$ cat work_33.csv   # CSV, C-alpha atoms
chain,number,residue,atom,x,y,z
A,1,PHE,CA,-26.4,-23.3,-42.1
A,2,LEU,CA,-27.7,-26.8,-41.4
A,3,GLY,CA,-31.1,-26.1,-42.9
A,4,GLY,CA,-29.7,-24.8,-46.2
A,5,PRO,CA,-29.6,-28.1,-48.1
A,6,GLN,CA,-33.2,-29.0,-47.0
A,7,VAL,CA,-34.6,-25.6,-48.0
A,8,ALA,CA,-32.8,-25.7,-51.3
A,9,GLY,CA,-34.3,-29.2,-52.0
A,10,PHE,CA,-37.8,-28.0,-51.1
A,11,TRP,CA,-37.4,-25.0,-53.4
A,12,ALA,CA,-36.0,-27.1,-56.3
A,13,ALA,CA,-38.7,-29.7,-56.1
A,14,ALA,CA,-41.6,-27.2,-55.8
A,15,GLU,CA,-40.6,-24.2,-57.9
A,16,ALA,CA,-38.1,-25.2,-60.6
A,17,SER,CA,-40.6,-26.9,-63.0
A,18,SER,CA,-42.7,-24.7,-65.4
A,19,THR,CA,-45.8,-26.9,-66.1
A,20,LEU,CA,-48.6,-27.6,-63.7
A,21,PRO,CA,-48.2,-31.4,-63.6
A,22,GLN,CA,-44.5,-30.9,-62.9
A,23,ARG,CA,-45.3,-28.4,-60.1
A,24,LYS,CA,-47.7,-30.9,-58.6
A,25,ALA,CA,-45.2,-33.7,-58.8
A,26,GLY,CA,-42.6,-31.4,-57.3
A,27,ALA,CA,-44.9,-30.4,-54.4
A,28,GLU,CA,-45.7,-34.1,-53.7
A,29,ALA,CA,-42.0,-34.9,-53.7
A,30,ALA,CA,-41.3,-32.0,-51.3
A,31,ALA,CA,-44.0,-33.3,-49.0
A,32,ARG,CA,-42.5,-36.8,-49.0
A,33,THR,CA,-39.1,-35.3,-48.4
A,34,ARG,CA,-40.4,-33.3,-45.4
A,35,LEU,CA,-42.1,-36.4,-43.9
A,36,ARG,CA,-38.9,-38.6,-44.3
A,37,GLY,CA,-36.6,-35.9,-43.0
A,38,ASP,CA,-34.3,-36.2,-46.0
A,39,ALA,CA,-32.0,-33.4,-46.8
A,40,PHE,CA,-32.7,-33.6,-50.6
A,41,PRO,CA,-35.5,-34.8,-52.8
A,42,SER,CA,-35.5,-38.5,-53.6
A,43,ALA,CA,-34.4,-40.0,-57.0
A,44,ALA,CA,-38.1,-40.5,-57.9
A,45,THR,CA,-38.7,-36.8,-58.4
A,46,PRO,CA,-38.2,-35.3,-61.9
A,47,LEU,CA,-35.6,-32.9,-60.5
A,48,ALA,CA,-33.3,-35.6,-59.1
A,49,SER,CA,-30.6,-34.5,-61.5
A,50,PHE,CA,-30.4,-31.2,-59.6
A,51,GLU,CA,-29.8,-32.8,-56.2
A,52,ALA,CA,-26.0,-32.8,-56.2
A,53,PRO,CA,-25.4,-29.3,-57.5
A,54,LEU,CA,-28.1,-27.8,-55.3
A,55,GLY,CA,-26.8,-29.6,-52.2
A,56,ALA,CA,-23.2,-28.6,-52.8
A,57,SER,CA,-24.1,-25.0,-53.4
A,58,ALA,CA,-26.3,-24.9,-50.3
A,59,VAL,CA,-23.4,-26.2,-48.2
A,60,LEU,CA,-20.5,-24.3,-49.8
A,61,PHE,CA,-22.3,-20.9,-49.9
A,62,PRO,CA,-22.5,-20.4,-46.1
A,63,LEU,CA,-19.0,-21.7,-45.7
A,64,ALA,CA,-17.6,-19.4,-48.4
A,65,SER,CA,-19.5,-16.4,-47.0
A,66,THR,CA,-18.2,-17.1,-43.5
A,67,PHE,CA,-14.6,-17.3,-44.7
A,68,VAL,CA,-14.9,-14.3,-46.9
A,69,GLY,CA,-16.4,-12.3,-43.9
A,70,ALA,CA,-13.6,-13.4,-41.6
A,71,ALA,CA,-10.9,-12.5,-44.2
A,72,ALA,CA,-12.5,-9.1,-44.7
A,73,ALA,CA,-12.5,-8.5,-40.9
A,74,VAL,CA,-8.9,-9.5,-40.6
A,75,ALA,CA,-7.9,-7.3,-43.6
A,76,PHE,CA,-9.8,-4.3,-42.1
A,77,ALA,CA,-8.2,-4.7,-38.7
A,78,THR,CA,-4.7,-5.1,-40.2
A,79,ARG,CA,-5.1,-1.9,-42.3
A,80,ARG,CA,-6.4,0.0,-39.3
A,81,GLY,CA,-3.5,-1.3,-37.2
A,82,ARG,CA,-0.9,-0.2,-39.8
A,83,ARG,CA,-2.4,3.3,-39.9
A,84,ILE,CA,-2.2,3.5,-36.1
A,85,ALA,CA,1.4,2.2,-36.1
A,86,LYS,CA,2.4,4.8,-38.6
A,87,ARG,CA,0.8,7.6,-36.6
A,88,ALA,CA,2.8,6.4,-33.6
A,89,GLY,CA,6.1,6.6,-35.5
A,90,PHE,CA,6.6,2.9,-36.2
A,91,ALA,CA,7.6,1.6,-39.7
A,92,THR,CA,5.6,-1.7,-39.4
A,93,LEU,CA,2.8,-3.1,-37.4
A,94,THR,CA,5.1,-5.8,-36.0
A,95,GLN,CA,7.4,-3.2,-34.5
A,96,CYS,CA,4.4,-1.5,-32.9
A,97,ARG,CA,3.2,-4.8,-31.4
A,98,ALA,CA,6.7,-5.7,-30.1
A,99,ARG,CA,7.0,-2.3,-28.4
A,100,ALA,CA,3.5,-2.7,-26.9
A,101,ASN,CA,4.5,-6.1,-25.5
A,102,VAL,CA,7.7,-4.7,-23.9
A,103,ASP,CA,5.9,-1.7,-22.4
A,104,GLY,CA,3.1,-3.8,-21.1
A,105,ALA,CA,5.5,-6.3,-19.4
A,106,ALA,CA,7.5,-3.4,-17.8
A,107,LEU,CA,4.3,-1.8,-16.6
A,108,ALA,CA,3.0,-5.1,-15.1
A,109,LEU,CA,6.3,-5.6,-13.3
A,110,GLU,CA,6.2,-2.1,-12.0
A,111,LEU,CA,2.7,-2.4,-10.7
A,112,GLY,CA,3.4,-5.8,-9.2
A,113,ALA,CA,6.4,-4.3,-7.3
A,114,ASP,CA,4.4,-1.4,-6.1
A,115,GLU,CA,1.7,-3.7,-4.8
A,116,GLU,CA,4.2,-5.9,-3.1
A,117,ASP,CA,5.9,-2.9,-1.4
A,118,GLU,CA,2.5,-1.6,-0.2
A,119,GLY,CA,1.6,-5.0,1.2
A,120,GLU,CA,4.9,-5.2,3.0
A,121,GLU,CA,4.5,-1.7,4.4
A,122,ALA,CA,1.0,-2.4,5.6
A,123,SER,CA,2.0,-5.7,7.2
A,124,GLY,CA,4.9,-4.0,9.0
A,125,GLU,CA,2.6,-1.2,10.3
A,126,GLU,CA,0.1,-3.8,11.6
A,127,LYS,CA,2.8,-5.7,13.4
A,128,ILE,CA,4.3,-2.6,15.0
A,129,SER,CA,0.9,-1.4,16.2
A,130,ALA,CA,0.1,-4.8,17.7
A,131,GLU,CA,3.4,-4.9,19.6
A,132,ALA,CA,2.8,-1.4,20.8
A,133,GLU,CA,-0.7,-2.3,21.9
A,134,VAL,CA,0.6,-5.3,23.9
A,135,GLU,CA,3.2,-3.2,25.6
A,136,ARG,CA,0.7,-0.5,26.5
A,137,TRP,CA,-1.7,-3.1,28.1
A,138,ILE,CA,1.2,-4.6,30.1
A,139,GLU,CA,2.5,-1.2,31.3
A,140,GLU,CA,-0.9,0.3,32.2
A,141,ASN,CA,-2.3,-2.7,34.1
A,142,PRO,CA,-0.9,-4.6,37.1
A,143,VAL,CA,-2.4,-7.9,35.9
A,144,VAL,CA,-3.1,-8.8,32.3
A,145,ILE,CA,-4.1,-12.1,30.8
A,146,PHE,CA,-4.2,-12.8,27.0
A,147,SER,CA,-6.6,-15.6,26.5
A,148,LYS,CA,-9.4,-17.1,24.3
A,149,THR,CA,-12.9,-17.5,25.6
A,150,TRP,CA,-13.2,-21.2,24.8
A,151,CYS,CA,-9.8,-22.3,26.1
A,152,PRO,CA,-10.0,-24.4,29.4
A,153,TYR,CA,-6.5,-23.4,30.5
A,154,CYS,CA,-7.5,-19.8,30.1
A,155,MET,CA,-10.5,-20.4,32.4
A,156,LEU,CA,-8.1,-22.1,34.9
A,157,ALA,CA,-5.8,-19.1,34.9
A,158,LYS,CA,-8.7,-16.7,35.4
A,159,GLU,CA,-10.1,-18.8,38.3
A,160,SER,CA,-6.6,-18.8,39.9
A,161,LEU,CA,-6.3,-15.0,39.6
A,162,THR,CA,-9.8,-14.5,41.0
A,163,LYS,CA,-9.0,-16.7,44.0
A,164,ALA,CA,-5.9,-14.6,44.6
A,165,GLY,CA,-8.1,-11.5,44.7
A,166,ALA,CA,-6.5,-10.0,41.6
A,167,GLU,CA,-8.3,-7.4,39.4
A,168,PHE,CA,-7.2,-8.2,35.9
A,169,ILE,CA,-8.1,-7.3,32.4
A,170,ALA,CA,-8.5,-10.1,29.9
A,171,VAL,CA,-7.7,-9.6,26.2
A,172,GLU,CA,-9.7,-12.3,24.4
A,173,LEU,CA,-7.9,-12.9,21.1
A,174,ASP,CA,-10.7,-15.0,19.5
A,175,GLU,CA,-13.0,-12.1,19.8
A,176,ARG,CA,-10.5,-9.9,17.9
A,177,ASP,CA,-10.2,-12.3,15.0
A,178,ASP,CA,-11.4,-11.5,11.5
A,179,ASP,CA,-14.5,-13.7,11.1
A,180,GLY,CA,-15.4,-12.3,7.7
A,181,ASN,CA,-18.5,-10.6,9.1
A,182,GLU,CA,-18.7,-7.3,7.2
A,183,TYR,CA,-21.1,-5.9,9.8
A,184,ASP,CA,-18.7,-6.5,12.7
A,185,ASP,CA,-16.7,-3.3,13.1
A,186,GLY,CA,-14.7,-4.6,16.1
A,187,PRO,CA,-10.9,-5.1,16.1
A,188,THR,CA,-9.4,-7.8,13.9
A,189,ASP,CA,-5.9,-8.0,15.3
A,190,GLY,CA,-6.1,-11.2,17.3
A,191,LYS,CA,-3.5,-13.1,15.2
A,192,ASP,CA,-1.2,-10.1,15.2
A,193,ILE,CA,-1.4,-9.8,19.0
A,194,GLN,CA,-0.6,-13.5,19.3
A,195,ASP,CA,2.4,-13.1,17.0
A,196,ALA,CA,3.6,-10.1,19.1
A,197,LEU,CA,3.3,-12.2,22.3
A,198,PHE,CA,5.4,-14.9,20.7
A,199,GLY,CA,8.1,-12.4,19.9
A,200,MET,CA,8.1,-11.3,23.6
A,201,THR,CA,7.7,-14.7,25.5
A,202,ARG,CA,8.6,-17.3,22.8
A,203,PHE,CA,5.2,-19.0,23.6
A,204,GLN,CA,2.7,-19.4,20.9
A,205,THR,CA,-0.2,-20.7,23.1
A,206,VAL,CA,-2.6,-19.0,25.4
A,207,PRO,CA,-3.2,-18.1,28.2
A,208,GLN,CA,-0.2,-15.7,28.8
A,209,VAL,CA,-0.4,-14.0,32.2
A,210,PHE,CA,1.6,-10.8,33.0
A,211,ILE,CA,1.9,-9.5,36.6
A,212,GLY,CA,3.7,-6.3,37.3
A,213,GLY,CA,5.0,-6.1,33.7
A,214,LYS,CA,6.5,-9.6,33.9
A,215,PHE,CA,5.5,-12.8,32.2
A,216,VAL,CA,4.6,-15.5,34.8
A,217,GLY,CA,3.4,-18.3,32.5
A,218,GLY,CA,0.3,-20.0,31.3
A,219,GLY,CA,-2.7,-21.7,33.0
A,220,SER,CA,-0.8,-24.4,34.8
A,221,ASP,CA,1.9,-22.0,36.0
A,222,THR,CA,-0.7,-19.6,37.4
A,223,GLN,CA,-2.5,-22.4,39.2
A,224,LYS,CA,0.7,-23.5,40.8
A,225,LEU,CA,1.5,-20.0,42.0
A,226,GLU,CA,-2.0,-19.7,43.5
A,227,GLN,CA,-1.7,-23.1,45.2
A,228,SER,CA,1.6,-22.2,46.7
A,229,GLY,CA,0.4,-18.8,47.9
A,230,LYS,CA,2.9,-16.8,45.9
A,231,LEU,CA,0.3,-15.5,43.4
A,232,LYS,CA,-1.4,-13.3,46.0
A,233,GLY,CA,1.9,-11.7,47.0
A,234,LEU,CA,2.9,-11.1,43.3
A,235,VAL,CA,-0.5,-9.4,42.7
A,236,ARG,CA,-0.3,-7.2,45.8
A,237,GLN,CA,3.2,-6.1,44.9
A,238,ALA,CA,2.2,-5.3,41.3
A,239,VAL,CA,-0.8,-3.3,42.5
A,240,LEU,CA,1.5,-1.3,44.9
A,241,GLU,CA,4.0,-0.6,42.2
A,242,ALA,CA,1.3,0.5,39.8
A,243,LYS,CA,-0.1,2.9,42.4
A,244,GLU,CA,3.4,4.3,43.1
A,245,ALA,CA,4.0,4.7,39.4
A,246,LYS,CA,0.7,6.5,38.9
A,247,LYS,CA,1.5,8.8,41.9
A,248,ALA,CA,4.9,9.6,40.5
A,249,GLU,CA,3.4,10.3,37.1
A,250,LEU,CA,0.9,12.7,38.6
A,251,MET,CA,3.6,14.5,40.6
A,252,ALA,CA,5.8,14.8,37.5
A,253,ARG,CA,2.8,16.4,35.6
A,254,ALA,CA,2.2,18.8,38.5
A,255,GLN,CA,5.8,19.8,38.6
A,256,ALA,CA,5.9,20.4,34.9
A,257,ALA,CA,2.8,22.5,35.1
A,258,LYS,CA,4.3,24.5,38.0
A,259,GLU,CA,7.5,25.2,36.1
A,260,ALA,CA,5.5,26.2,33.0
A,261,MET,CA,3.6,28.7,35.2
A,262,THR,CA,6.8,30.1,36.7
A,263,GLN,CA,8.3,30.6,33.2
A,264,THR,CA,5.1,32.4,32.1
A,265,LYS,CA,5.2,34.7,35.0
A,266,ALA,CA,8.9,35.5,34.4
A,267,LYS,CA,8.2,36.4,30.8
A,268,ILE,CA,5.3,38.7,31.8
A,269,ALA,CA,7.6,40.4,34.4
A,270,GLN,CA,10.3,41.0,31.8
A,271,ALA,CA,8.0,42.4,29.2
A,272,PRO,CA,8.2,46.2,28.9
A,273,ALA,CA,5.4,48.2,30.5
A,274,ARG,CA,3.0,49.8,28.1
A,275,GLN,CA,3.1,53.6,27.8
A,276,PRO,CA,-0.1,55.3,28.7
A,277,ARG,CA,-2.0,56.9,25.8
A,278,ARG,CA,-1.8,60.7,25.5
$ encode --input "work_33.csv" --output "structure tokens"
Amino acid sequence: FLGGPQVAGFWAAAEASSTLPQRKAGAEAAARTRLRGDAFPSAATPLASFEAPLGASAVLFPLASTFVGAAAAVAFATRRGRRIAKRAGFATLTQCRARANVDGAALALELGADEEDEGEEASGEEKISAEAEVERWIEENPVVIFSKTWCPYCMLAKESLTKAGAEFIAVELDERDDDGNEYDDGPTDGKDIQDALFGMTRFQTVPQVFIGGKFVGGGSDTQKLEQSGKLKGLVRQAVLEAKEAKKAELMARAQAAKEAMTQTKAKIAQAPARQPRR
């Protein structure tokens, strides 16, 4: 587009004349124009009178062709849209567009609501599973500490438990956080567990120590219990209760198995005897 006027000027200066001297003069003028970088031949050339019309046509022709092409594309798209609208049962293309906008908005709202419901359901399931996991740890272990590996108060609580001779399990929440590592297939429920603990103890910080299913406090509280000598007694009592609970559970299972065997024998005894084959 930008080179159109210059090319037209070169062509006019070099090719429009019919005689050899005029062609030579035109070629020299074209060379001077090229060296100067002008868009059109100078007034010294014999074809200076053609400068304005040639320049205008070279500028207007690309513009006109561009506008004509755009208008043709719009007209073609409009005709095609009208045919599609008529096939769909609409009187005009405007009605078809309005119906498409309404349907699209309704579909977007429906999809957004579905995604929101799915997100809420997934969040609720994660929270319930975290709470159930916390309760399972507390019920199955006499001493449990929820901590983070870098926390100095967590280290203090672990040291106090060790001095009291307690065998405990430590749930390290920072090792269960989602660190964004796609190759780490470990649990990523650290924050959910901490939220579940807050719902149970109303404490957001760690450590949180549970002995015998009861919350005894954090790092400073555990240290005070150890220094007063009460921690050892709490741990011993929790271990005895856990053993008794385990024993009771085993006895209940054995009793259930015994009753099931008795019922099976009774059913076998009540079953009719098979007649011998003749």
$ closest_residue --input "work_33.csv" --among "A:Glu172, A:Asp177, A:Asp192, A:Glu259" --to "Lys158 in chain A" --atoms "all atoms listed in the file"
A:Glu172
$ residues_near_point --input "work_33.csv" --point "(-3.9, -17.5, 42.6)" --cutoff "10 Å" --atoms "all atoms listed in the file" --output "list in words"
Leu156, Ala157, Lys158, Glu159, Ser160, Leu161, Thr162, Lys163, Ala164, Gly165, Ala166, Asp221, Thr222, Gln223, Lys224, Leu225, Glu226, Gln227, Ser228, Gly229, Lys230, Leu231, Lys232, Gly233, Leu234 and Val235 of chain A
$ residues_around --input "work_33.csv" --residues "Val144 in chain A" --least-positions-apart "6" --cutoff "12 Å" --atoms "all atoms listed in the file" --output "compact mmCIF listing (two decimals) with C-alpha atoms, in the frame of the given file"
# COMPACT_ATOMS: atom_id res chain seq x y z
CA VAL A 134 0.60 -5.30 23.90
CA GLU A 135 3.20 -3.20 25.60
CA ARG A 136 0.70 -0.50 26.50
CA TRP A 137 -1.70 -3.10 28.10
CA ILE A 138 1.20 -4.60 30.10
CA ALA A 157 -5.80 -19.10 34.90
CA LYS A 158 -8.70 -16.70 35.40
CA LEU A 161 -6.30 -15.00 39.60
CA ALA A 166 -6.50 -10.00 41.60
CA GLU A 167 -8.30 -7.40 39.40
CA PHE A 168 -7.20 -8.20 35.90
CA ILE A 169 -8.10 -7.30 32.40
CA ALA A 170 -8.50 -10.10 29.90
CA VAL A 171 -7.70 -9.60 26.20
CA GLU A 172 -9.70 -12.30 24.40
CA PRO A 207 -3.20 -18.10 28.20
CA GLN A 208 -0.20 -15.70 28.80
CA VAL A 209 -0.40 -14.00 32.20
CA PHE A 210 1.60 -10.80 33.00
CA ILE A 211 1.90 -9.50 36.60
CA GLY A 212 3.70 -6.30 37.30
CA GLY A 213 5.00 -6.10 33.70
CA LYS A 214 6.50 -9.60 33.90
CA PHE A 215 5.50 -12.80 32.20
CA VAL A 216 4.60 -15.50 34.80
CA GLY A 217 3.40 -18.30 32.50
CA GLY A 218 0.30 -20.00 31.30
CA VAL A 235 -0.50 -9.40 42.70
CA ALA A 238 2.20 -5.30 41.30
CA VAL A 239 -0.80 -3.30 42.50
$ atom_distance --input "work_33.csv" --atom1 "CA of Glu139 in chain A" --atom2 "CA of Ala245 in chain A"
10.1 Å
$ closest_residue --input "work_33.csv" --among "A:Arg277, A:Ala252, A:Phe198, A:Ala130" --to "Arg176 in chain A" --atoms "all atoms listed in the file"
A:Ala130
$ closest_residue --input "work_33.csv" --among "A:Ser147, A:Gln255, A:Gln237, A:Thr264" --to "Val206 in chain A" --atoms "all atoms listed in the file"
A:Ser147
$ closest_residue --input "work_33.csv" --among "A:Lys148, A:Ala256, A:Glu131, A:Glu175" --to "Asp195 in chain A" --atoms "all atoms listed in the file"
A:Glu131
$ atom_distance --input "work_33.csv" --atom1 "CA of Gln194 in chain A" --atom2 "CA of Leu173 in chain A"
7.5 Å
$ atom_distance --input "work_33.csv" --atom1 "CA of Phe146 in chain A" --atom2 "CA of Glu133 in chain A"
12.2 Å
